[in-house]
Structures are given as structure tokens and as C-alpha cells.
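So this block is my_file11.pdb, PDB, C-alpha atoms:
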ATOM      1  CA  MET A   1      -9.119  76.825 -38.095
ATOM      2  CA  THR A   2     -11.586  78.464 -40.465
ATOM      3  CA  ARG A   3     -10.809  78.229 -44.165
ATOM      4  CA  ILE A   4     -11.818  80.947 -46.583
ATOM      5  CA  PHE A   5     -13.034  80.523 -50.148
ATOM      6  CA  LEU A   6     -12.239  83.199 -52.724
ATOM      7  CA  GLU A   7     -13.177  83.105 -56.385
ATOM      8  CA  SER A   8     -12.046  85.386 -59.229
ATOM      9  CA  GLU A   9     -10.185  87.752 -56.893
ATOM     10  CA  GLU A  10      -7.241  89.862 -58.060
ATOM     11  CA  PHE A  11      -4.210  90.439 -55.843
ATOM     12  CA  ASP A  12      -1.768  93.071 -57.100
ATOM     13  CA  GLY A  13       1.475  94.130 -55.409
ATOM     14  CA  LYS A  14       0.702  92.375 -52.119
ATOM     15  CA  ASP A  15       3.461  91.313 -49.719
ATOM     16  CA  PHE A  16       2.702  87.925 -48.201
ATOM     17  CA  SER A  17       6.280  87.289 -47.073
ATOM     18  CA  LYS A  18       5.564  88.336 -43.479
ATOM     19  CA  ASN A  19       1.755  88.394 -43.312
ATOM     20  CA  ASN A  20       0.876  85.054 -44.867
ATOM     21  CA  LEU A  21      -1.932  84.543 -47.334
ATOM     22  CA  GLU A  22      -5.022  83.331 -45.501
ATOM     23  CA  CYS A  23      -5.473  79.580 -45.467
ATOM     24  CA  GLY A  24      -8.243  78.432 -47.783
ATOM     25  CA  ASP A  25      -9.299  77.781 -51.341
ATOM     26  CA  TYR A  26      -8.488  80.241 -54.115
ATOM     27  CA  GLU A  27     -10.230  79.565 -57.403
ATOM     28  CA  ASP A  28      -9.633  81.475 -60.649
ATOM     29  CA  CYS A  29      -7.648  84.143 -58.764
ATOM     30  CA  THR A  30      -4.786  86.200 -60.209
ATOM     31  CA  PHE A  31      -1.679  87.226 -58.298
ATOM     32  CA  THR A  32       0.422  89.950 -59.927
ATOM     33  CA  ASN A  33       3.675  91.395 -58.528
ATOM     34  CA  CYS A  34       3.085  89.633 -55.207
ATOM     35  CA  ASN A  35       5.830  88.631 -52.785
ATOM     36  CA  PHE A  36       5.456  85.216 -51.133
ATOM     37  CA  SER A  37       9.194  84.699 -50.481
ATOM     38  CA  ASN A  38       9.864  82.727 -47.299
ATOM     39  CA  GLY A  39       6.126  82.866 -46.610
ATOM     40  CA  LYS A  40       3.779  80.041 -45.710
ATOM     41  CA  LEU A  41       1.473  78.687 -48.411
ATOM     42  CA  SER A  42       1.000  75.288 -46.777
ATOM     43  CA  ASP A  43      -2.457  73.667 -46.909
ATOM     44  CA  ILE A  44      -3.762  76.249 -49.408
ATOM     45  CA  ASN A  45      -5.597  75.169 -52.577
ATOM     46  CA  PHE A  46      -4.922  77.154 -55.758
ATOM     47  CA  ILE A  47      -7.376  76.088 -58.451
ATOM     48  CA  GLU A  48      -7.019  77.615 -61.943
ATOM     49  CA  CYS A  49      -4.984  80.495 -60.491
ATOM     50  CA  GLU A  50      -2.421  82.574 -62.367
ATOM     51  CA  PHE A  51       0.744  84.035 -60.838
ATOM     52  CA  THR A  52       2.532  86.746 -62.851
ATOM     53  CA  ASP A  53       5.766  88.525 -61.862
ATOM     54  CA  CYS A  54       5.609  87.026 -58.351
ATOM     55  CA  ASP A  55       8.403  85.954 -56.002
ATOM     56  CA  LEU A  56       7.679  82.614 -54.322
ATOM     57  CA  SER A  57      11.279  81.794 -53.444
ATOM     58  CA  MET A  58      11.712  79.512 -50.434
ATOM     59  CA  ALA A  59       7.971  79.597 -49.657
ATOM     60  CA  LYS A  60       6.622  76.706 -47.598
ATOM     61  CA  ILE A  61       4.332  74.653 -49.849
ATOM     62  CA  ASP A  62       3.659  71.596 -47.685
ATOM     63  CA  ASN A  63       0.371  70.006 -48.770
ATOM     64  CA  THR A  64      -0.320  72.969 -51.067
ATOM     65  CA  ALA A  65      -2.593  72.087 -53.984
ATOM     66  CA  PHE A  66      -1.801  73.543 -57.411
ATOM     67  CA  ARG A  67      -4.527  72.506 -59.851
ATOM     68  CA  ASP A  68      -4.248  74.033 -63.310
ATOM     69  CA  ALA A  69      -2.036  76.791 -61.902
ATOM     70  CA  VAL A  70       0.015  78.955 -64.263
ATOM     71  CA  PHE A  71       3.227  80.779 -63.360
ATOM     72  CA  ILE A  72       4.494  83.513 -65.687
ATOM     73  CA  ASN A  73       7.807  85.324 -65.155
ATOM     74  CA  CYS A  74       8.003  84.223 -61.521
ATOM     75  CA  LYS A  75      11.008  83.776 -59.242
ATOM     76  CA  MET A  76      10.583  80.388 -57.547
ATOM     77  CA  LEU A  77      13.940  79.459 -56.035
ATOM     78  CA  GLY A  78      14.256  76.462 -53.729
ATOM     79  CA  LEU A  79      10.640  75.276 -53.801
ATOM     80  CA  HIS A  80       9.815  71.705 -52.784
ATOM     81  CA  PHE A  81       7.045  70.706 -55.175
ATOM     82  CA  ASP A  82       7.564  67.170 -53.889
ATOM     83  CA  HIS A  83       5.871  68.314 -50.647
ATOM     84  CA  CYS A  84       2.730  69.537 -52.459
ATOM     85  CA  ASN A  85      -0.627  67.802 -52.490
ATOM     86  CA  ASP A  86      -0.326  65.533 -55.529
ATOM     87  CA  PHE A  87      -4.074  65.090 -56.102
ATOM     88  CA  LEU A  88      -4.813  66.602 -59.539
ATOM     89  CA  PHE A  89      -1.430  68.412 -59.397
ATOM     90  CA  SER A  90      -1.176  70.437 -62.623
ATOM     91  CA  ILE A  91       1.081  73.449 -63.258
ATOM     92  CA  LYS A  92       2.575  75.352 -66.205
ATOM     93  CA  PHE A  93       5.697  77.489 -66.127
ATOM     94  CA  ASP A  94       6.517  80.273 -68.603
ATOM     95  CA  THR A  95       9.747  82.284 -68.193
ATOM     96  CA  CYS A  96      10.257  81.274 -64.555
ATOM     97  CA  ASP A  97      13.411  80.897 -62.475
ATOM     98  CA  LEU A  98      13.087  77.576 -60.618
ATOM     99  CA  ASN A  99      16.730  77.113 -59.598
ATOM    100  CA  LEU A 100      17.367  74.698 -56.714
ATOM    101  CA  SER A 101      13.765  73.475 -56.643
ATOM    102  CA  SER A 102      12.720  69.855 -56.195
ATOM    103  CA  PHE A 103      10.291  67.727 -58.184
ATOM    104  CA  PHE A 104      11.493  64.488 -56.564
ATOM    105  CA  GLN A 105       9.041  61.682 -57.414
ATOM    106  CA  CYS A 106       6.476  64.176 -58.788
ATOM    107  CA  GLN A 107       3.939  63.111 -61.389
ATOM    108  CA  LEU A 108       4.601  65.577 -64.221
ATOM    109  CA  LYS A 109       3.405  63.711 -67.292
ATOM    110  CA  GLN A 110       3.098  66.184 -70.200
ATOM    111  CA  GLN A 111       4.558  68.961 -68.013
ATOM    112  CA  TYR A 112       5.301  72.180 -69.902
ATOM    113  CA  PHE A 113       8.298  74.358 -69.075
ATOM    114  CA  LYS A 114       8.842  77.316 -71.452
ATOM    115  CA  ASP A 115      11.884  79.612 -71.330
ATOM    116  CA  CYS A 116      12.650  78.562 -67.744
ATOM    117  CA  ILE A 117      15.880  78.465 -65.774
ATOM    118  CA  LEU A 118      16.027  75.052 -64.102
ATOM    119  CA  LYS A 119      19.570  75.021 -62.740
ATOM    120  CA  GLU A 120      20.267  72.327 -60.158
ATOM    121  CA  VAL A 121      16.608  71.268 -60.061
ATOM    122  CA  ASP A 122      16.004  67.754 -58.734
ATOM    123  CA  PHE A 123      13.907  65.664 -61.128
ATOM    124  CA  SER A 124      14.975  62.340 -59.566
ATOM    125  CA  GLU A 125      12.398  59.558 -59.873
ATOM    126  CA  ALA A 126       9.899  61.968 -61.446
ATOM    127  CA  GLU A 127       7.363  60.990 -64.101
ATOM    128  CA  LEU A 128       8.179  63.387 -66.957
ATOM    129  CA  SER A 129       7.016  61.401 -69.962
ATOM    130  CA  LYS A 130       5.898  63.686 -72.801
ATOM    131  CA  ALA A 131       7.229  66.736 -70.917
ATOM    132  CA  ASN A 132       8.406  69.723 -72.940
ATOM    133  CA  PHE A 133      11.461  71.759 -71.908
ATOM    134  CA  GLN A 134      11.150  74.524 -74.507
ATOM    135  CA  ASN A 135      14.207  76.831 -74.442
ATOM    136  CA  CYS A 136      15.063  75.826 -70.861
ATOM    137  CA  ASP A 137      18.454  75.947 -69.156
ATOM    138  CA  LEU A 138      18.969  72.669 -67.251
ATOM    139  CA  GLU A 139      22.536  73.209 -66.024
ATOM    140  CA  GLY A 140      23.204  70.885 -63.099
ATOM    141  CA  ALA A 141      19.639  69.500 -63.103
ATOM    142  CA  MET A 142      19.463  66.003 -61.634
ATOM    143  CA  PHE A 143      17.822  63.179 -63.548
ATOM    144  CA  ASP A 144      18.065  59.821 -61.782
ATOM    145  CA  GLN A 145      15.570  56.999 -62.388
ATOM    146  CA  THR A 146      13.435  59.601 -64.159
ATOM    147  CA  ASN A 147      10.907  58.687 -66.837
ATOM    148  CA  LEU A 148      11.682  60.960 -69.796
ATOM    149  CA  GLU A 149      10.026  58.861 -72.488
ATOM    150  CA  ASN A 150       8.762  61.040 -75.355
ATOM    151  CA  ALA A 151      10.015  64.184 -73.563
ATOM    152  CA  ASP A 152      11.130  67.070 -75.776
ATOM    153  CA  PHE A 153      14.593  68.501 -75.079
ATOM    154  CA  SER A 154      15.098  69.723 -78.655
ATOM    155  CA  THR A 155      15.498  73.382 -77.649
ATOM    156  CA  ALA A 156      16.785  72.826 -74.085
ATOM    157  CA  LYS A 157      20.422  73.372 -73.163
ATOM    158  CA  ASN A 158      23.063  72.403 -70.607
ATOM    159  CA  TYR A 159      21.429  69.143 -69.546
ATOM    160  CA  GLN A 160      23.309  66.001 -68.561
ATOM    161  CA  ILE A 161      21.228  62.848 -68.660
ATOM    162  CA  ASP A 162      22.583  59.355 -68.128
ATOM    163  CA  PRO A 163      20.739  57.094 -70.616
ATOM    164  CA  GLU A 164      21.540  54.078 -68.428
ATOM    165  CA  LYS A 165      19.862  55.543 -65.324
ATOM    166  CA  ASN A 166      16.794  57.110 -66.950
ATOM    167  CA  LYS A 167      14.040  56.057 -69.332
ATOM    168  CA  ILE A 168      14.594  58.101 -72.487
ATOM    169  CA  ARG A 169      12.858  56.000 -75.153
ATOM    170  CA  LYS A 170      11.538  58.232 -77.956
ATOM    171  CA  ALA A 171      12.716  61.410 -76.191
ATOM    172  CA  ILE A 172      13.663  64.216 -78.575
ATOM    173  CA  PHE A 173      17.111  65.820 -78.419
ATOM    174  CA  SER A 174      18.860  68.222 -80.781
ATOM    175  CA  SER A 175      22.249  67.335 -82.202
ATOM    176  CA  ASP A 176      23.663  70.219 -80.095
ATOM    177  CA  GLY A 177      22.541  68.393 -76.948
ATOM    178  CA  LEU A 178      24.175  65.042 -77.666
ATOM    179  CA  GLY A 179      27.114  65.935 -75.449
ATOM    180  CA  GLY A 180      24.751  66.023 -72.478
ATOM    181  CA  LEU A 181      23.853  62.380 -73.120
ATOM    182  CA  LEU A 182      27.426  61.212 -73.611
ATOM    183  CA  MET A 183      29.218  63.205 -70.884
ATOM    184  CA  LYS A 184      29.689  60.242 -68.539
ATOM    185  CA  TYR A 185      31.581  58.363 -71.253
ATOM    186  CA  GLY A 186      34.146  61.141 -71.669
ATOM    187  CA  ILE A 187      33.147  61.516 -75.323
ATOM    188  CA  LYS A 188      33.457  64.915 -76.951
ATOM    189  CA  VAL A 189      31.052  65.795 -79.734
ATOM    190  CA  LYS A 190      32.009  68.555 -82.193
ATOM    191  CA  PHE A 191      29.714  70.157 -84.738
TER
END
Can you turn what I pasted into C-alpha cells?
Amino acid sequence: MTRIFLESEEFDGKDFSKNNLECGDYEDCTFTNCNFSNGKLSDINFIECEFTDCDLSMAKIDNTAFRDAVFINCKMLGLHFDHCNDFLFSIKFDTCDLNLSSFFQCQLKQQYFKDCILKEVDFSEAELSKANFQNCDLEGAMFDQTNLENADFSTAKNYQIDPEKNKIRKAIFSSDGLGGLLMKYGIKVKF
């Protein structure tokens, strides 16, 4: 199969849900208002690409490479980032809906999530040291054997993290979020 190489291309309003994006390498490309839902993005390399107002829900991302990729205001339900190519894996999320996605065992050191909805996201066994969950909703998110050392949850909400099952040394939490750390003990915290 022939792979294409595209650099600094702009894709606006394209529907890749039925006619998949061509397999290849996309460098410094922008995708705006594009629909990738239920599409196939497997084996594609996105290098320094930006996705704005796109729908990637349930897209197949097996062996997909995201290197310095940025997602802004994107709908990304049910994505398995744990199936991506992990070589130089680097992504940023700003105002994205990532509900039901999986980062199982992903290397996400210093990962940045801003204003994201992360309901029922699986962060089990992930490396999230120094991650920042700025203004994120983590209702039902799973943290199990996750490294959260030095992570910043100070403006996050609705998380439940078991301090006995996760590494949380030097993590930052607001006093409003203490209930999410003590839930398993049946302790109620009032402010």
C-alpha cells in the first residue's frame, strides 16, 4: 500500500466517516470541522497537527501516531489511545469531550487537559505524573495503579481516587476535592 505525505495542508468541513482519510504522514496540517466518527485512522501519522471542532468519536486509532497533536473543542468519545503508536506520543486537549475513552497504560507524563469532560475515562496503570487537569470533569474516571505524582487536580471536579491504589505523592488537590480522595472510607467532608 502506498503512503502519502502531506505537509501544511488545511482540511475544512471534510467528512471522513465513510471515506477514510488516506493512509500516510500528515505534518503541520490543520483539520477544522471535520468528521472522523467511526472512521479508520489506523496506521496514520499526525505530526504537529491541529484538530479544531472535529468529531473523532469511535474512530479506529490502532497504531496511529499523534506527535505534538493538539485537539481543540473536539468530540472524542470512546477512543482507545492505548492502541496508538506510543513512540513520541504527545497530545494536548483543550475543551474536548473524551467520555468513555481509554488511556490504559499510556505514557502521559506532563499531559495537559484543559476544560475537558473526562467522564468514565480509563486511566488505569497510566503514567500521569505532573499532568494537569485544569477545570476538567472526571466523574466516573478510573484510576487504578496510576502514577499521579505531582499531578494538578486543583481545579478538577468529580474525581474519585483511591490513595492506596495510586501514587499521589505531591499531587495537588483543592479542599473541595478532598471528598474524592476519602470516598472509599465513607467519610463526608463539609465546607
### Message
Using Å and a single decimal, report how far atom CA of Phe104 of chain A sits from atom CA of Thr30 of chain A.
### Response
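Value for the atom CA of Thr30 of chain A-atom CA of Phe104 of chain A distance: 27.4 Å.
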Residues of segment 92-183 of chain A that have any atom at most 9 Å from an atom of segment 67-86 of chain A: could you tabulate them with the shortest-distance atom pair and the distance in Å to one decimal, using all atoms listed in the file, ordered by chain and increasing number, as JSON lines?
{"residue": "A:Lys92", "atom": "CA", "partner": "A:Val70", "partner_atom": "CA", "distance": 4.8}
{"residue": "A:Phe93", "atom": "CA", "partner": "A:Phe71", "partner_atom": "CA", "distance": 5.0}
{"residue": "A:Asp94", "atom": "CA", "partner": "A:Ile72", "partner_atom": "CA", "distance": 4.8}
{"residue": "A:Thr95", "atom": "CA", "partner": "A:Asn73", "partner_atom": "CA", "distance": 4.7}
{"residue": "A:Cys96", "atom": "CA", "partner": "A:Asn73", "partner_atom": "CA", "distance": 4.8}
{"residue": "A:Asp97", "atom": "CA", "partner": "A:Lys75", "partner_atom": "CA", "distance": 5.0}
{"residue": "A:Leu98", "atom": "CA", "partner": "A:Met76", "partner_atom": "CA", "distance": 4.9}
{"residue": "A:Asn99", "atom": "CA", "partner": "A:Leu77", "partner_atom": "CA", "distance": 5.1}
{"residue": "A:Leu100", "atom": "CA", "partner": "A:Gly78", "partner_atom": "CA", "distance": 4.7}
{"residue": "A:Ser101", "atom": "CA", "partner": "A:Gly78", "partner_atom": "CA", "distance": 4.2}
{"residue": "A:Ser102", "atom": "CA", "partner": "A:His80", "partner_atom": "CA", "distance": 4.8}
{"residue": "A:Phe103", "atom": "CA", "partner": "A:Asp82", "partner_atom": "CA", "distance": 5.1}
{"residue": "A:Phe104", "atom": "CA", "partner": "A:Asp82", "partner_atom": "CA", "distance": 5.5}
{"residue": "A:Gln105", "atom": "CA", "partner": "A:Asp82", "partner_atom": "CA", "distance": 6.7}
{"residue": "A:Cys106", "atom": "CA", "partner": "A:Asp82", "partner_atom": "CA", "distance": 5.8}
{"residue": "A:Gln107", "atom": "CA", "partner": "A:Asp86", "partner_atom": "CA", "distance": 7.6}
{"residue": "A:Cys116", "atom": "CA", "partner": "A:Asn73", "partner_atom": "CA", "distance": 8.7}
{"residue": "A:Val121", "atom": "CA", "partner": "A:Gly78", "partner_atom": "CA", "distance": 8.5}
Quick one: write out the picked residues with C-alpha atoms as an mmCIF file, in the frame of the given file?
data_model
loop_
_atom_site.group_PDB
_atom_site.id
_atom_site.type_symbol
_atom_site.label_atom_id
_atom_site.label_comp_id
_atom_site.auth_asym_id
_atom_site.auth_seq_id
_atom_site.Cartn_x
_atom_site.Cartn_y
_atom_site.Cartn_z
ATOM 1 C CA LYS A 92 2.575 75.352 -66.205
ATOM 2 C CA PHE A 93 5.697 77.489 -66.127
ATOM 3 C CA ASP A 94 6.517 80.273 -68.603
ATOM 4 C CA THR A 95 9.747 82.284 -68.193
ATOM 5 C CA CYS A 96 10.257 81.274 -64.555
ATOM 6 C CA ASP A 97 13.411 80.897 -62.475
ATOM 7 C CA LEU A 98 13.087 77.576 -60.618
ATOM 8 C CA ASN A 99 16.730 77.113 -59.598
ATOM 9 C CA LEU A 100 17.367 74.698 -56.714
ATOM 10 C CA SER A 101 13.765 73.475 -56.643
ATOM 11 C CA SER A 102 12.720 69.855 -56.195
ATOM 12 C CA PHE A 103 10.291 67.727 -58.184
ATOM 13 C CA PHE A 104 11.493 64.488 -56.564
ATOM 14 C CA GLN A 105 9.041 61.682 -57.414
ATOM 15 C CA CYS A 106 6.476 64.176 -58.788
ATOM 16 C CA GLN A 107 3.939 63.111 -61.389
ATOM 17 C CA CYS A 116 12.650 78.562 -67.744
ATOM 18 C CA VAL A 121 16.608 71.268 -60.061
#
### Task
Kindly indicate which residue among A:Arg3, A:Ser17, A:Lys114, A:Leu56 lies nearest to Asp43 of chain A, using only C-alpha atoms for the distances.
A:Arg3
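When the PyMOL selection byres ((chain A and resi 152-161) around 6) is evaluated against the file, it yields A:Asn132, A:Phe133, A:Gln134, A:Asn135, A:Cys136, A:Asp137, A:Leu138, A:Glu139, A:Ala151, A:Asp162, A:Ala171, A:Ile172, A:Phe173, A:Ser174, A:Gly180, A:Leu181.
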### Task
Run the PyMOL selection byres ((chain A and resi 65) around 6) mentally over the shown coordinates, then write out the matched residues as a ChimeraX atom specification, using the chain letters and numbers from the document.
/A:45-46,64,66,85
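Under the PyMOL selection byres ((chain A and resi 4) around 7), the matching residues in the shown file are Thr2, Arg3, Phe5, Leu6, Cys23, Gly24 and Asp25 of chain A.
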### Task
Compile the contact shell of Glu27 of chain A as a PyMOL selection string: residues with an atom at most 7 Å away, counting all atoms listed in the file, same-chain residues fewer than 6 positions apart removed.
chain A and resi 6-8+46-49
### Summary
note - atom CA of Met142 of chain A and atom CA of Gly186 of chain A are separated by 18.4 Å
Generate the missing atoms of segment 119-132 of chain A up to N, CA and C atoms and report them as a short mmCIF file (atom, residue, chain, number, x, y, z; two decimals), in the coordinates of the input.
data_model
loop_
_atom_site.label_atom_id
_atom_site.label_comp_id
_atom_site.auth_asym_id
_atom_site.auth_seq_id
_atom_site.Cartn_x
_atom_site.Cartn_y
_atom_site.Cartn_z
N LYS A 119 18.24 75.43 -63.19
CA LYS A 119 19.57 75.02 -62.74
C LYS A 119 19.49 74.31 -61.40
N GLU A 120 20.17 73.16 -61.36
CA GLU A 120 20.27 72.33 -60.16
C GLU A 120 18.91 71.92 -59.59
N VAL A 121 17.93 71.76 -60.46
CA VAL A 121 16.61 71.27 -60.06
C VAL A 121 16.66 69.75 -59.95
N ASP A 122 16.02 69.20 -58.95
CA ASP A 122 16.00 67.75 -58.73
C ASP A 122 14.76 67.14 -59.37
N PHE A 123 14.98 66.39 -60.46
CA PHE A 123 13.91 65.66 -61.13
C PHE A 123 14.02 64.16 -60.87
N SER A 124 14.75 63.76 -59.85
CA SER A 124 14.98 62.34 -59.57
C SER A 124 13.65 61.61 -59.36
N GLU A 125 13.55 60.46 -59.99
CA GLU A 125 12.40 59.56 -59.87
C GLU A 125 11.07 60.20 -60.27
N ALA A 126 11.13 61.30 -61.01
CA ALA A 126 9.90 61.97 -61.45
C ALA A 126 9.34 61.31 -62.71
N GLU A 127 8.06 61.45 -62.89
CA GLU A 127 7.36 60.99 -64.10
C GLU A 127 7.25 62.20 -65.02
N LEU A 128 8.13 62.26 -66.03
CA LEU A 128 8.18 63.39 -66.96
C LEU A 128 7.97 62.94 -68.41
N SER A 129 7.26 61.84 -68.59
CA SER A 129 7.02 61.40 -69.96
C SER A 129 6.18 62.46 -70.68
N LYS A 130 6.55 62.70 -71.93
CA LYS A 130 5.90 63.69 -72.80
C LYS A 130 6.04 65.12 -72.30
N ALA A 131 6.99 65.37 -71.39
CA ALA A 131 7.23 66.74 -70.92
C ALA A 131 7.93 67.54 -72.01
N ASN A 132 7.78 68.85 -71.96
CA ASN A 132 8.41 69.72 -72.94
C ASN A 132 9.24 70.77 -72.19
#
